[in-house]
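Here is protein24.cif, consisting of mmCIF, C-alpha atoms and all ligand atoms:
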```cif
data_final
#
loop_
_atom_site.label_atom_id
_atom_site.label_comp_id
_atom_site.auth_asym_id
_atom_site.auth_seq_id
_atom_site.Cartn_x
_atom_site.Cartn_y
_atom_site.Cartn_z
CA MET A 1 -31.36 -10.53 -20.23
CA TYR A 2 -29.55 -9.61 -17.01
CA LYS A 3 -27.25 -6.61 -17.04
CA ILE A 4 -23.63 -6.47 -15.99
CA ASN A 5 -21.90 -3.66 -14.11
CA GLU A 6 -20.84 -1.71 -17.18
CA ASN A 7 -18.35 0.32 -15.19
CA TYR A 8 -16.01 -2.67 -15.52
CA LEU A 9 -15.99 -2.17 -19.28
CA LYS A 10 -14.61 1.33 -18.86
CA LEU A 11 -11.46 0.06 -17.14
CA PRO A 12 -8.43 0.30 -19.41
CA GLY A 13 -6.44 -2.94 -19.81
CA SER A 14 -5.85 -5.31 -16.91
CA TYR A 15 -4.61 -4.60 -13.39
CA LEU A 16 -1.08 -3.15 -13.62
CA PHE A 17 0.69 -6.05 -11.92
CA SER A 18 -1.24 -8.62 -13.97
CA THR A 19 -0.06 -6.91 -17.19
CA ILE A 20 3.53 -6.98 -15.97
CA GLY A 21 3.24 -10.63 -14.90
CA LYS A 22 1.96 -11.53 -18.37
CA LYS A 23 4.80 -9.71 -20.15
CA VAL A 24 7.41 -11.37 -17.93
CA ASN A 25 5.88 -14.83 -18.45
CA GLU A 26 6.00 -14.33 -22.23
CA PHE A 27 9.63 -13.27 -22.01
CA THR A 28 10.64 -16.25 -19.85
CA ALA A 29 8.78 -18.67 -22.13
CA ALA A 30 10.75 -17.30 -25.11
CA ASN A 31 14.06 -17.09 -23.20
CA PRO A 32 14.08 -19.99 -20.72
CA GLU A 33 17.86 -19.76 -20.23
CA LYS A 34 17.79 -16.17 -18.94
CA LYS A 35 17.85 -15.57 -15.19
CA ILE A 36 15.21 -12.94 -14.49
CA ILE A 37 15.48 -10.75 -11.39
CA ARG A 38 12.10 -9.45 -10.24
CA LEU A 39 12.08 -6.04 -8.59
CA GLY A 40 8.62 -5.21 -9.93
CA ILE A 41 5.70 -5.97 -7.64
CA GLY A 42 6.28 -5.06 -4.01
CA ASP A 43 6.23 -8.64 -2.80
CA VAL A 44 8.48 -9.73 0.06
CA THR A 45 11.00 -12.57 -0.31
CA LEU A 46 12.19 -13.29 3.24
CA PRO A 47 10.37 -16.11 5.03
CA LEU A 48 8.07 -15.32 7.96
CA ALA A 49 9.96 -14.57 11.17
CA PRO A 50 10.59 -17.55 13.52
CA ALA A 51 8.36 -16.06 16.26
CA VAL A 52 5.52 -15.77 13.75
CA ILE A 53 6.01 -19.32 12.45
CA ASP A 54 6.14 -20.76 16.00
CA ARG A 55 2.85 -19.11 16.89
CA MET A 56 1.31 -20.19 13.62
CA HIS A 57 2.31 -23.83 14.25
CA LYS A 58 0.81 -23.63 17.71
CA ALA A 59 -2.39 -22.17 16.29
CA VAL A 60 -2.60 -25.02 13.77
CA ASP A 61 -2.35 -27.52 16.67
CA GLU A 62 -5.07 -25.63 18.54
CA MET A 63 -7.38 -26.26 15.59
CA SER A 64 -6.93 -30.04 16.05
CA SER A 65 -8.49 -30.33 19.48
CA PRO A 66 -12.12 -29.70 20.50
CA GLU A 67 -11.04 -27.63 23.54
CA THR A 68 -9.05 -25.12 21.53
CA PHE A 69 -10.66 -25.32 18.09
CA LYS A 70 -11.86 -21.98 16.65
CA GLY A 71 -14.70 -21.49 14.18
CA TYR A 72 -15.80 -18.09 12.89
CA ALA A 73 -13.67 -15.23 14.17
CA PRO A 74 -15.39 -12.37 16.02
CA ASP A 75 -16.74 -9.69 13.63
CA LEU A 76 -14.02 -7.14 14.29
CA GLY A 77 -11.23 -9.69 14.76
CA TYR A 78 -9.78 -11.39 17.85
CA GLU A 79 -9.41 -9.08 20.82
CA PHE A 80 -5.85 -10.31 21.55
CA LEU A 81 -4.77 -8.93 18.17
CA ARG A 82 -6.70 -5.66 18.39
CA GLU A 83 -5.30 -5.11 21.88
CA ALA A 84 -1.73 -5.66 20.63
CA ILE A 85 -2.36 -3.20 17.78
CA ALA A 86 -3.90 -0.53 20.02
CA VAL A 87 -0.95 -0.70 22.40
CA ASN A 88 1.97 -1.11 19.99
CA ASP A 89 0.89 0.82 16.91
CA PHE A 90 -0.98 3.67 18.60
CA LYS A 91 -0.46 4.02 22.35
CA THR A 92 3.32 4.13 21.83
CA ARG A 93 2.72 7.13 19.53
CA GLY A 94 0.55 8.89 22.12
CA VAL A 95 -2.69 7.97 20.33
CA ASP A 96 -5.69 6.33 22.04
CA ILE A 97 -7.56 4.00 19.74
CA ALA A 98 -10.37 1.91 21.24
CA LEU A 99 -10.58 -1.79 20.39
CA ASP A 100 -13.91 -1.32 18.60
CA GLU A 101 -12.28 1.24 16.31
CA ILE A 102 -10.00 -1.48 14.86
CA PHE A 103 -11.28 -3.86 12.18
CA ILE A 104 -9.06 -6.85 11.34
CA SER A 105 -9.13 -7.83 7.68
CA ASP A 106 -7.29 -9.86 5.08
CA GLY A 107 -5.16 -6.92 4.01
CA ALA A 108 -4.98 -3.27 3.04
CA LYS A 109 -5.58 -3.95 -0.65
CA SER A 110 -9.05 -5.33 0.05
CA ASP A 111 -9.82 -2.63 2.60
CA SER A 112 -8.71 0.19 0.29
CA GLY A 113 -10.92 -1.25 -2.43
CA ASN A 114 -13.90 -2.01 -0.21
CA ILE A 115 -14.01 1.18 1.83
CA GLY A 116 -15.82 2.94 -1.02
CA ASP A 117 -18.92 0.84 -0.18
CA ILE A 118 -19.84 3.15 2.70
CA PHE A 119 -19.78 6.34 0.60
CA ASP A 120 -22.35 7.70 -1.83
CA ILE A 121 -21.58 7.30 -5.51
CA ASP A 122 -21.70 11.07 -6.01
CA ASN A 123 -18.63 11.79 -3.90
CA LYS A 124 -15.66 13.12 -5.81
CA ILE A 125 -12.32 11.50 -5.08
CA ALA A 126 -8.88 13.11 -5.10
CA VAL A 127 -5.80 10.96 -5.64
CA CYS A 128 -2.09 11.52 -5.89
CA ASP A 129 -0.70 11.12 -9.39
CA PRO A 130 1.13 8.68 -9.57
CA VAL A 131 -0.92 6.47 -7.25
CA TYR A 132 -1.45 2.86 -6.12
CA PRO A 133 -3.90 1.78 -8.86
CA VAL A 134 -6.37 0.05 -6.52
CA TYR A 135 -7.83 3.33 -5.22
CA VAL A 136 -8.76 4.55 -8.69
CA ASP A 137 -9.72 1.23 -10.29
CA THR A 138 -12.10 0.28 -7.46
CA ASN A 139 -13.80 3.69 -7.59
CA ALA A 140 -14.10 3.24 -11.35
CA MET A 141 -15.72 -0.18 -10.79
CA SER A 142 -18.38 1.41 -8.63
CA GLY A 143 -19.02 4.22 -11.15
CA ARG A 144 -17.56 7.11 -9.21
CA THR A 145 -14.85 8.21 -11.63
CA GLY A 146 -16.71 9.28 -14.79
CA GLU A 147 -15.27 8.32 -18.17
CA TYR A 148 -11.75 7.16 -18.94
CA LEU A 149 -9.91 9.56 -21.23
CA PRO A 150 -7.25 7.46 -22.94
CA GLU A 151 -5.45 10.44 -24.50
CA LEU A 152 -4.85 11.84 -21.00
CA GLY A 153 -4.60 8.55 -19.14
CA LYS A 154 -7.10 10.01 -16.66
CA TRP A 155 -10.72 9.69 -15.53
CA SER A 156 -13.02 12.63 -16.17
CA ASN A 157 -14.42 12.81 -12.62
CA VAL A 158 -11.29 12.39 -10.49
CA ILE A 159 -9.16 15.14 -8.99
CA TYR A 160 -5.53 14.32 -9.73
CA MET A 161 -2.87 15.80 -7.46
CA PRO A 162 0.44 15.65 -9.33
CA CYS A 163 3.41 14.48 -7.26
CA THR A 164 6.42 15.40 -9.33
CA ALA A 165 10.05 16.33 -8.81
CA GLU A 166 8.86 19.98 -8.59
CA THR A 167 6.66 19.17 -5.57
CA ASN A 168 9.22 16.80 -4.03
CA PHE A 169 6.82 13.99 -4.95
CA ALA A 170 4.25 15.26 -2.45
CA PRO A 171 0.72 16.40 -3.35
CA GLU A 172 -0.44 20.00 -3.02
CA LEU A 173 -3.88 20.91 -1.69
CA PRO A 174 -6.26 20.64 -4.66
CA LYS A 175 -7.93 23.72 -6.15
CA GLU A 176 -11.22 21.87 -6.59
CA ARG A 177 -12.93 20.60 -3.41
CA PRO A 178 -12.84 16.79 -3.07
CA ASP A 179 -15.08 14.65 -0.85
CA ILE A 180 -12.74 11.72 -0.40
CA ILE A 181 -8.96 12.18 -0.37
CA TYR A 182 -6.65 9.19 -0.74
CA LEU A 183 -3.20 9.64 0.79
CA CYS A 184 -0.47 7.04 1.15
CA PHE A 185 2.65 7.77 3.21
CA PRO A 186 5.34 6.53 3.03
CA ASN A 187 4.28 6.60 -0.57
CA ASN A 188 3.75 3.82 -3.01
CA PRO A 189 5.04 4.21 -5.74
CA THR A 190 7.44 7.14 -5.26
CA GLY A 191 8.82 6.20 -1.83
CA SER A 192 8.37 9.83 -0.70
CA THR A 193 7.06 10.97 2.68
CA ILE A 194 5.75 14.15 4.24
CA ASN A 195 6.50 15.43 7.71
CA LYS A 196 4.01 15.92 10.50
CA ASP A 197 3.39 19.63 9.82
CA GLU A 198 2.64 18.86 6.19
CA LEU A 199 0.26 16.06 7.10
CA GLN A 200 -1.42 18.37 9.63
CA LYS A 201 -2.20 20.72 6.71
CA TRP A 202 -4.15 17.92 5.04
CA VAL A 203 -6.06 17.16 8.22
CA ASP A 204 -6.90 20.86 8.69
CA TYR A 205 -7.96 21.09 5.05
CA ALA A 206 -10.20 17.99 5.25
CA LEU A 207 -11.86 19.32 8.40
CA LYS A 208 -12.37 22.72 6.77
CA VAL A 209 -13.93 21.46 3.54
CA GLY A 210 -15.79 18.47 5.02
CA ALA A 211 -13.77 15.77 3.27
CA VAL A 212 -12.70 12.38 4.55
CA ILE A 213 -9.09 11.18 4.21
CA ILE A 214 -8.38 7.52 3.46
CA TYR A 215 -4.85 7.24 4.82
CA ASP A 216 -2.89 4.20 3.67
CA ALA A 217 -0.01 3.61 6.08
CA ALA A 218 0.99 0.17 4.79
CA TYR A 219 4.67 1.17 4.67
CA GLU A 220 4.82 2.78 8.12
CA ALA A 221 7.42 0.30 9.40
CA TYR A 222 9.96 1.61 6.89
CA ILE A 223 10.08 5.14 8.31
CA SER A 224 13.64 5.96 9.35
CA GLU A 225 13.48 9.74 9.76
CA GLU A 226 12.41 11.47 12.97
CA ASP A 227 9.83 13.95 11.79
CA VAL A 228 7.74 11.56 9.70
CA PRO A 229 4.39 10.61 11.30
CA HIS A 230 3.73 6.89 11.81
CA THR A 231 -0.03 7.31 11.96
CA ILE A 232 -2.27 10.14 10.76
CA TYR A 233 -3.79 10.25 14.26
CA GLU A 234 -0.59 11.92 15.48
CA CYS A 235 -2.13 15.01 13.84
CA GLU A 236 -4.61 17.07 15.79
CA GLY A 237 -8.23 16.58 14.68
CA ALA A 238 -7.43 13.56 12.47
CA LYS A 239 -9.85 11.31 14.33
CA ALA A 240 -12.69 13.47 13.04
CA CYS A 241 -11.68 13.21 9.38
CA ALA A 242 -9.48 10.19 8.68
CA ILE A 243 -9.66 6.44 8.21
CA GLU A 244 -6.30 4.65 8.43
CA LEU A 245 -5.40 1.44 6.59
CA ARG A 246 -2.63 -0.84 7.81
CA SER A 247 -1.08 -4.04 6.57
CA PHE A 248 1.03 -6.92 7.90
CA SER A 249 2.36 -7.56 4.38
CA LYS A 250 5.32 -5.24 4.28
CA ASN A 251 6.29 -5.01 7.96
CA ALA A 252 6.05 -8.75 8.66
CA GLY A 253 5.96 -10.51 5.30
CA PHE A 254 2.25 -11.50 5.26
CA THR A 255 1.75 -10.89 1.51
CA GLY A 256 0.85 -14.56 1.07
CA THR A 257 -0.80 -15.18 4.44
CA ARG A 258 -2.98 -12.01 4.27
CA LEU A 259 -3.63 -9.80 7.28
CA GLY A 260 -4.35 -6.11 7.74
CA PHE A 261 -6.64 -3.75 9.59
CA THR A 262 -8.59 -0.54 9.25
CA VAL A 263 -9.03 2.08 11.96
CA ILE A 264 -12.22 4.15 12.01
CA PRO A 265 -12.46 6.39 15.09
CA LYS A 266 -15.94 7.00 16.45
CA GLU A 267 -15.39 10.76 16.21
CA LEU A 268 -15.51 10.39 12.42
CA LYS A 269 -19.08 11.36 11.60
CA CYS A 270 -21.12 12.42 8.59
CA GLY A 271 -23.91 14.40 10.27
CA ASP A 272 -25.07 12.11 13.07
CA VAL A 273 -23.84 8.91 11.51
CA THR A 274 -20.51 7.39 12.53
CA LEU A 275 -18.54 5.84 9.67
CA ASN A 276 -17.45 3.26 12.24
CA SER A 277 -21.03 1.95 12.46
CA LEU A 278 -21.33 1.73 8.67
CA TRP A 279 -18.06 -0.15 8.30
CA ALA A 280 -18.99 -2.45 11.20
CA ARG A 281 -22.24 -3.25 9.37
CA ARG A 282 -20.40 -3.89 6.12
CA HIS A 283 -17.65 -5.91 7.76
CA GLY A 284 -20.15 -8.08 9.64
CA THR A 285 -22.25 -8.66 6.54
CA LYS A 286 -19.69 -9.18 3.78
CA PHE A 287 -16.68 -10.63 5.63
CA ASN A 288 -16.19 -13.61 7.91
CA GLY A 289 -12.84 -12.62 9.30
CA ALA A 290 -9.18 -13.39 8.76
CA PRO A 291 -8.42 -16.97 9.87
CA TYR A 292 -7.59 -17.57 13.57
CA ILE A 293 -4.25 -19.11 12.58
CA ILE A 294 -3.25 -15.94 10.75
CA GLN A 295 -4.51 -13.57 13.44
CA ALA A 296 -2.58 -15.55 16.08
CA ALA A 297 0.53 -15.35 13.88
CA GLY A 298 -0.09 -11.61 13.46
CA ALA A 299 -0.17 -11.10 17.24
CA ALA A 300 3.29 -12.71 17.43
CA VAL A 301 4.63 -9.76 15.41
CA TYR A 302 4.08 -7.63 18.54
CA THR A 303 5.97 -9.89 20.95
CA GLU A 304 9.51 -8.85 21.92
CA GLU A 305 10.99 -11.57 19.70
CA GLY A 306 8.59 -10.81 16.87
CA LYS A 307 9.44 -7.11 16.95
CA LYS A 308 13.16 -7.80 16.93
CA GLN A 309 12.96 -10.31 14.09
CA THR A 310 10.68 -8.22 11.88
CA GLN A 311 12.84 -5.14 12.44
CA GLU A 312 15.81 -7.17 11.21
CA GLN A 313 13.87 -8.03 8.06
CA ILE A 314 13.04 -4.38 7.48
CA ALA A 315 16.69 -3.45 7.96
CA TYR A 316 17.62 -6.12 5.40
CA TYR A 317 15.25 -4.66 2.81
CA MET A 318 16.35 -1.11 3.57
CA ASN A 319 19.93 -2.15 2.99
CA ASN A 320 18.79 -3.35 -0.45
CA ALA A 321 17.14 0.05 -0.94
CA LYS A 322 20.48 1.70 -0.27
CA VAL A 323 22.24 -0.62 -2.72
CA ILE A 324 19.72 0.36 -5.40
CA ARG A 325 19.78 4.08 -4.62
CA ASP A 326 23.55 4.39 -4.39
CA GLY A 327 24.18 2.09 -7.35
CA LEU A 328 21.82 3.90 -9.67
CA ALA A 329 22.98 7.34 -8.54
CA SER A 330 26.59 6.35 -9.25
CA ALA A 331 25.50 5.23 -12.73
CA GLY A 332 24.08 8.71 -13.33
CA TYR A 333 20.38 8.06 -12.69
CA THR A 334 18.22 10.57 -10.85
CA VAL A 335 16.75 8.65 -7.91
CA SER A 336 14.48 9.34 -4.98
CA GLY A 337 12.65 7.29 -2.32
CA GLY A 338 14.28 4.34 -0.57
CA VAL A 339 14.92 6.19 2.71
CA ASN A 340 11.56 5.85 4.48
CA ALA A 341 10.09 3.34 2.05
CA PRO A 342 11.10 0.15 0.24
CA TYR A 343 10.56 1.77 -3.17
CA ILE A 344 13.09 3.60 -5.32
CA TRP A 345 11.75 5.98 -7.94
CA LEU A 346 14.06 6.77 -10.81
CA LYS A 347 13.92 8.95 -13.84
CA THR A 348 14.06 7.00 -17.10
CA PRO A 349 16.81 7.93 -19.55
CA GLU A 350 16.14 10.79 -21.99
CA LYS A 351 13.53 9.95 -24.69
CA MET A 352 12.51 6.67 -23.08
CA THR A 353 8.96 6.27 -21.81
CA SER A 354 8.34 4.21 -18.69
CA TRP A 355 7.24 1.21 -20.76
CA ASP A 356 10.22 1.60 -23.15
CA PHE A 357 12.49 1.41 -20.13
CA PHE A 358 10.55 -1.59 -18.80
CA ASP A 359 11.13 -3.46 -22.10
CA TYR A 360 14.76 -2.35 -22.26
CA LEU A 361 15.54 -3.58 -18.72
CA LEU A 362 13.70 -6.85 -19.29
CA GLN A 363 15.41 -7.55 -22.63
CA ASP A 364 18.92 -6.32 -21.94
CA ALA A 365 19.37 -6.74 -18.18
CA ASN A 366 16.66 -9.34 -17.48
CA VAL A 367 15.49 -7.16 -14.61
CA VAL A 368 11.81 -6.51 -13.95
CA GLY A 369 10.62 -3.20 -12.53
CA THR A 370 7.38 -1.25 -12.69
CA PRO A 371 6.77 1.51 -15.26
CA GLY A 372 5.85 4.78 -13.58
CA SER A 373 3.09 5.54 -16.07
CA GLY A 374 1.24 2.45 -14.80
CA PHE A 375 0.57 4.47 -11.64
CA GLY A 376 -0.82 7.52 -13.44
CA PRO A 377 0.10 10.11 -16.08
CA SER A 378 2.54 12.00 -13.85
CA GLY A 379 4.46 8.74 -13.45
CA GLU A 380 5.45 8.86 -17.14
CA GLY A 381 9.21 9.11 -17.49
CA TYR A 382 9.71 7.33 -14.15
CA PHE A 383 10.30 3.78 -13.04
CA ARG A 384 9.92 1.96 -9.73
CA LEU A 385 12.24 -0.68 -8.28
CA THR A 386 11.49 -2.48 -5.04
CA ALA A 387 13.90 -3.35 -2.26
CA PHE A 388 12.04 -6.59 -1.48
CA GLY A 389 14.37 -8.89 -3.45
CA SER A 390 17.18 -10.92 -1.92
CA TYR A 391 20.40 -9.00 -1.25
CA GLU A 392 22.31 -11.10 -3.81
CA ASN A 393 19.71 -10.52 -6.55
CA THR A 394 19.52 -6.83 -5.75
CA VAL A 395 23.28 -6.42 -6.07
CA GLU A 396 23.29 -8.41 -9.30
CA ALA A 397 20.38 -6.45 -10.78
CA ILE A 398 22.11 -3.14 -10.10
CA GLU A 399 25.39 -4.43 -11.57
CA ARG A 400 23.50 -5.45 -14.71
CA ILE A 401 21.78 -2.06 -14.99
CA LYS A 402 25.09 -0.25 -14.49
CA LYS A 403 26.64 -2.23 -17.37
CA LEU A 404 23.93 -1.24 -19.86
C1 LIG B 1 2.94 -2.87 -5.21
O1 LIG B 1 3.82 -3.46 -5.83
O2 LIG B 1 2.58 -1.72 -5.47
C2 LIG B 1 2.30 -3.59 -4.08
O3 LIG B 1 2.83 -4.86 -3.91
C3 LIG B 1 0.91 -3.77 -4.32
C4 LIG B 1 0.19 -4.23 -3.12
O4 LIG B 1 0.66 -4.14 -1.99
O5 LIG B 1 -0.93 -4.68 -3.32
#
```
Whole structure, structure tokens version:
Amino acid sequence: MYKINENYLKLPGSYLFSTIGKKVNEFTAANPEKKIIRLGIGDVTLPLAPAVIDRMHKAVDEMSSPETFKGYAPDLGYEFLREAIAVNDFKTRGVDIALDEIFISDGAKSDSGNIGDIFDIDNKIAVCDPVYPVYVDTNAMSGRTGEYLPELGKWSNVIYMPCTAETNFAPELPKERPDIIYLCFPNNPTGSTINKDELQKWVDYALKVGAVIIYDAAYEAYISEEDVPHTIYECEGAKACAIELRSFSKNAGFTGTRLGFTVIPKELKCGDVTLNSLWARRHGTKFNGAPYIIQAAGAAVYTEEGKKQTQEQIAYYMNNAKVIRDGLASAGYTVSGGVNAPYIWLKTPEKMTSWDFFDYLLQDANVVGTPGSGFGPSGEGYFRLTAFGSYENTVEAIERIKKL
């Protein structure tokens, strides 16, 4: 008899957002008359910007004629898109990234899950706690995390870096030496950020101990404060120790159309081997590229019109973030996040666990959020709301919560 990958059997429950989706579907089936407001999963609600849609339509037409039809995309992605990224995301920040250091993909979720392929199974990972569950679950699937300890809500072979109110929701350098460090700033789920000096400490640490940083910058477009780095490569030495993941989902609404990219500088080496060459090999072998239509639409994000329109969308969501933050604070909740990120992190009322509060909000306010404990044990007693709803729904949700 064939054997399955038994690591999958060690995973507790289903993927966080699938569990939430199931609970909400059950509630709506039992209460069809209730109007549910979803501020749970970080999914955008505004339509794609007009500049993006125009380019997408044009790209669809190009596919209809033999002269302009496109088949397989180039391995790393179309050069027009990588060029736009190198100039707009990096050169403007004083960072030189070569076109063959950028790998276009179908999104940061896949990349953050797949990147583990190029590392030995014996590497030890360090993650923030709470954390975006994909980093941990995908390492568990490949057998890198040891055993799941249900009483602790932790894996036996993972270094957890608590991000609590005491640490201003930022991680501290771990006592035990990790091989692979996952960082996400602006942070999902807490909405916190660290400044450039603090990020430099992580880069210096990784270089010192010989670790690699997987830096998830999916929420970079939401940074509003001066001193917050937009890319890890703003830090000195980062090209020799960090991989950066980026997404078009949150800055330009591509959650349904799927587009992202990973940057692996050629300076990043393990002995003589560049990680760039390993990822290029993996990418070329296991992936056939994001569709031309979507890459063309992605390039439109970097046009003058595209930039203006997507910045307006971000401002719209950040106004929602302010509505949530201010509204909850006035109702007596302890809140953080929502300034450089579209997530608001609130403390659940006394004696209520994160899941208790989830059920309470769903039942009594018909509002869906995400329980903090779903992101890790240090998330217990917290709750995440997203700013990605419509303005009207956001205002209504906060009014309902205030009335509870
Ligand atoms: C979230 O809600 O944490 C995000 O939507 C998840 C994701 O981007 O995959």
**Asked** Between A:Asp204, A:Glu380, A:Asp120, A:Asp89, which is the closest to Ala299 of chain A once you count all atoms listed in the file?
**Response** A:Asp89
**Prompt:** Counting only C-alpha atoms and all ligand atoms, which protein, DNA or RNA residues come within 8 Å of ligand LIG 1 (chain B), given as JSON, numbers by chain?
**Reply:** {"A": [17, 40, 41, 42, 43, 108, 109, 132, 134, 188, 189, 249, 250, 255, 386]}
**Item:** Distance criterion (all atoms listed in the file): nearest to Pro371 of chain A out of A:Ile398, A:Arg281, A:Arg144, A:Ile20
**Value:** A:Ile20
**Message:** Can you tell me which residues surround Ile223 of chain A at a distance of at most 12 Å, considering only C-alpha atoms, apart from same-chain residues fewer than 6 positions away, and format the answer as a ChimeraX atom specification?
**Reply:** /A:185-187,191-195,217,229-231,251,311,314-315,318,337-343
Taking every listed atom of segment 143-151 of chain A and adding 8 Å to each side, what centre and edge lengths in Å (one decimal) does the axis-aligned box have, as JSON?
```
{"center_x": -12.2, "center_y": 7.3, "center_z": -16.9, "size_x": 29.6, "size_y": 22.2, "size_z": 31.3}
```
Distance query segment 237-241 of chain A at most 10 Å, only C-alpha atoms, self and fewer than 3 positions along chain excluded, as an mmCIF file with C-alpha atoms, in the coordinates of the input:
```
data_model
loop_
_atom_site.group_PDB
_atom_site.id
_atom_site.type_symbol
_atom_site.label_atom_id
_atom_site.label_comp_id
_atom_site.auth_asym_id
_atom_site.auth_seq_id
_atom_site.Cartn_x
_atom_site.Cartn_y
_atom_site.Cartn_z
ATOM 1 C CA VAL A 95 -2.690 7.970 20.330
ATOM 2 C CA ILE A 97 -7.560 4.000 19.740
ATOM 3 C CA ILE A 180 -12.740 11.720 -0.400
ATOM 4 C CA LEU A 199 0.260 16.060 7.100
ATOM 5 C CA GLN A 200 -1.420 18.370 9.630
ATOM 6 C CA TRP A 202 -4.150 17.920 5.040
ATOM 7 C CA VAL A 203 -6.060 17.160 8.220
ATOM 8 C CA ASP A 204 -6.900 20.860 8.690
ATOM 9 C CA TYR A 205 -7.960 21.090 5.050
ATOM 10 C CA ALA A 206 -10.200 17.990 5.250
ATOM 11 C CA LEU A 207 -11.860 19.320 8.400
ATOM 12 C CA LYS A 208 -12.370 22.720 6.770
ATOM 13 C CA GLY A 210 -15.790 18.470 5.020
ATOM 14 C CA ALA A 211 -13.770 15.770 3.270
ATOM 15 C CA VAL A 212 -12.700 12.380 4.550
ATOM 16 C CA ILE A 213 -9.090 11.180 4.210
ATOM 17 C CA ILE A 214 -8.380 7.520 3.460
ATOM 18 C CA THR A 231 -0.030 7.310 11.960
ATOM 19 C CA ILE A 232 -2.270 10.140 10.760
ATOM 20 C CA TYR A 233 -3.790 10.250 14.260
ATOM 21 C CA GLU A 234 -0.590 11.920 15.480
ATOM 22 C CA GLU A 244 -6.300 4.650 8.430
ATOM 23 C CA VAL A 263 -9.030 2.080 11.960
ATOM 24 C CA ILE A 264 -12.220 4.150 12.010
ATOM 25 C CA PRO A 265 -12.460 6.390 15.090
ATOM 26 C CA LYS A 266 -15.940 7.000 16.450
ATOM 27 C CA GLU A 267 -15.390 10.760 16.210
ATOM 28 C CA LEU A 268 -15.510 10.390 12.420
ATOM 29 C CA LYS A 269 -19.080 11.360 11.600
ATOM 30 C CA CYS A 270 -21.120 12.420 8.590
ATOM 31 C CA THR A 274 -20.510 7.390 12.530
#
```
**Prompt:** Interatomic distance between atom CA of Arg38 of chain A and atom CA of Gly376 of chain A?
**Reply:** 21.6 Å
**Prompt:** Which of these, A:Lys403, A:Arg246, A:Lys308, A:Arg282, has the shortest distance to Arg258 of chain A once you count all atoms listed in the file?
**Reply:**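 Nearest to Arg258 of chain A: A:Arg246.
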**Item:** Interatomic distance, atom CA of Lys347 of chain A to atom CA of Tyr382 of chain A (Å, one decimal)
**Value:**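 Atom CA of Tyr382 of chain A lies at a distance of 4.5 Å from atom CA of Lys347 of chain A.
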**Prompt:** Taking into account only C-alpha atoms, which residue in the set A:Ser390, A:Glu198, A:Leu278, A:Gly13 is nearest to Glu172 of chain A?
**Reply:**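 Among A:Ser390, A:Glu198, A:Leu278, A:Gly13, it is A:Glu198 that comes nearest to Glu172 of chain A.
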**Message:** List as number ranges by chain the protein and nucleic acid residues near Ile102 of chain A, meaning an atom at most 9 Å away when all atoms listed in the file are counted, but skip any in the same chain fewer than 2 places from it.
**Reply:** A: 76-77, 82, 85-86, 97-100, 104, 261-265
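Among the candidates A:Ile37, A:Phe383, A:Pro66, A:Pro174, the one nearest to Val395 of chain A when counting all atoms listed in the file is A:Ile37.
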**Request:** Could you tell me which of A:Ser378, A:Ser110, A:Gln363, A:Asn31 comes closest to Val127 of chain A if we count only C-alpha atoms?
**Result:**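 Result for the nearest residue to Val127 of chain A: A:Ser378.
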Need the shell around Phe375 of chain A: protein/DNA/RNA residues with any atom at most 7 Å away, counting all atoms listed in the file. Skip same-chain ones fewer than 3 positions apart. Format as a tab-separated table (two decimals) with C-alpha atoms, in the frame of the given file?
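Now in selection-v1.tsv:
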```tsv
chain	number	residue	atom	x	y	z
A	130	PRO	CA	1.13	8.68	-9.57
A	131	VAL	CA	-0.92	6.47	-7.25
A	132	TYR	CA	-1.45	2.86	-6.12
A	133	PRO	CA	-3.90	1.78	-8.86
A	372	GLY	CA	5.85	4.78	-13.58
A	379	GLY	CA	4.46	8.74	-13.45
```
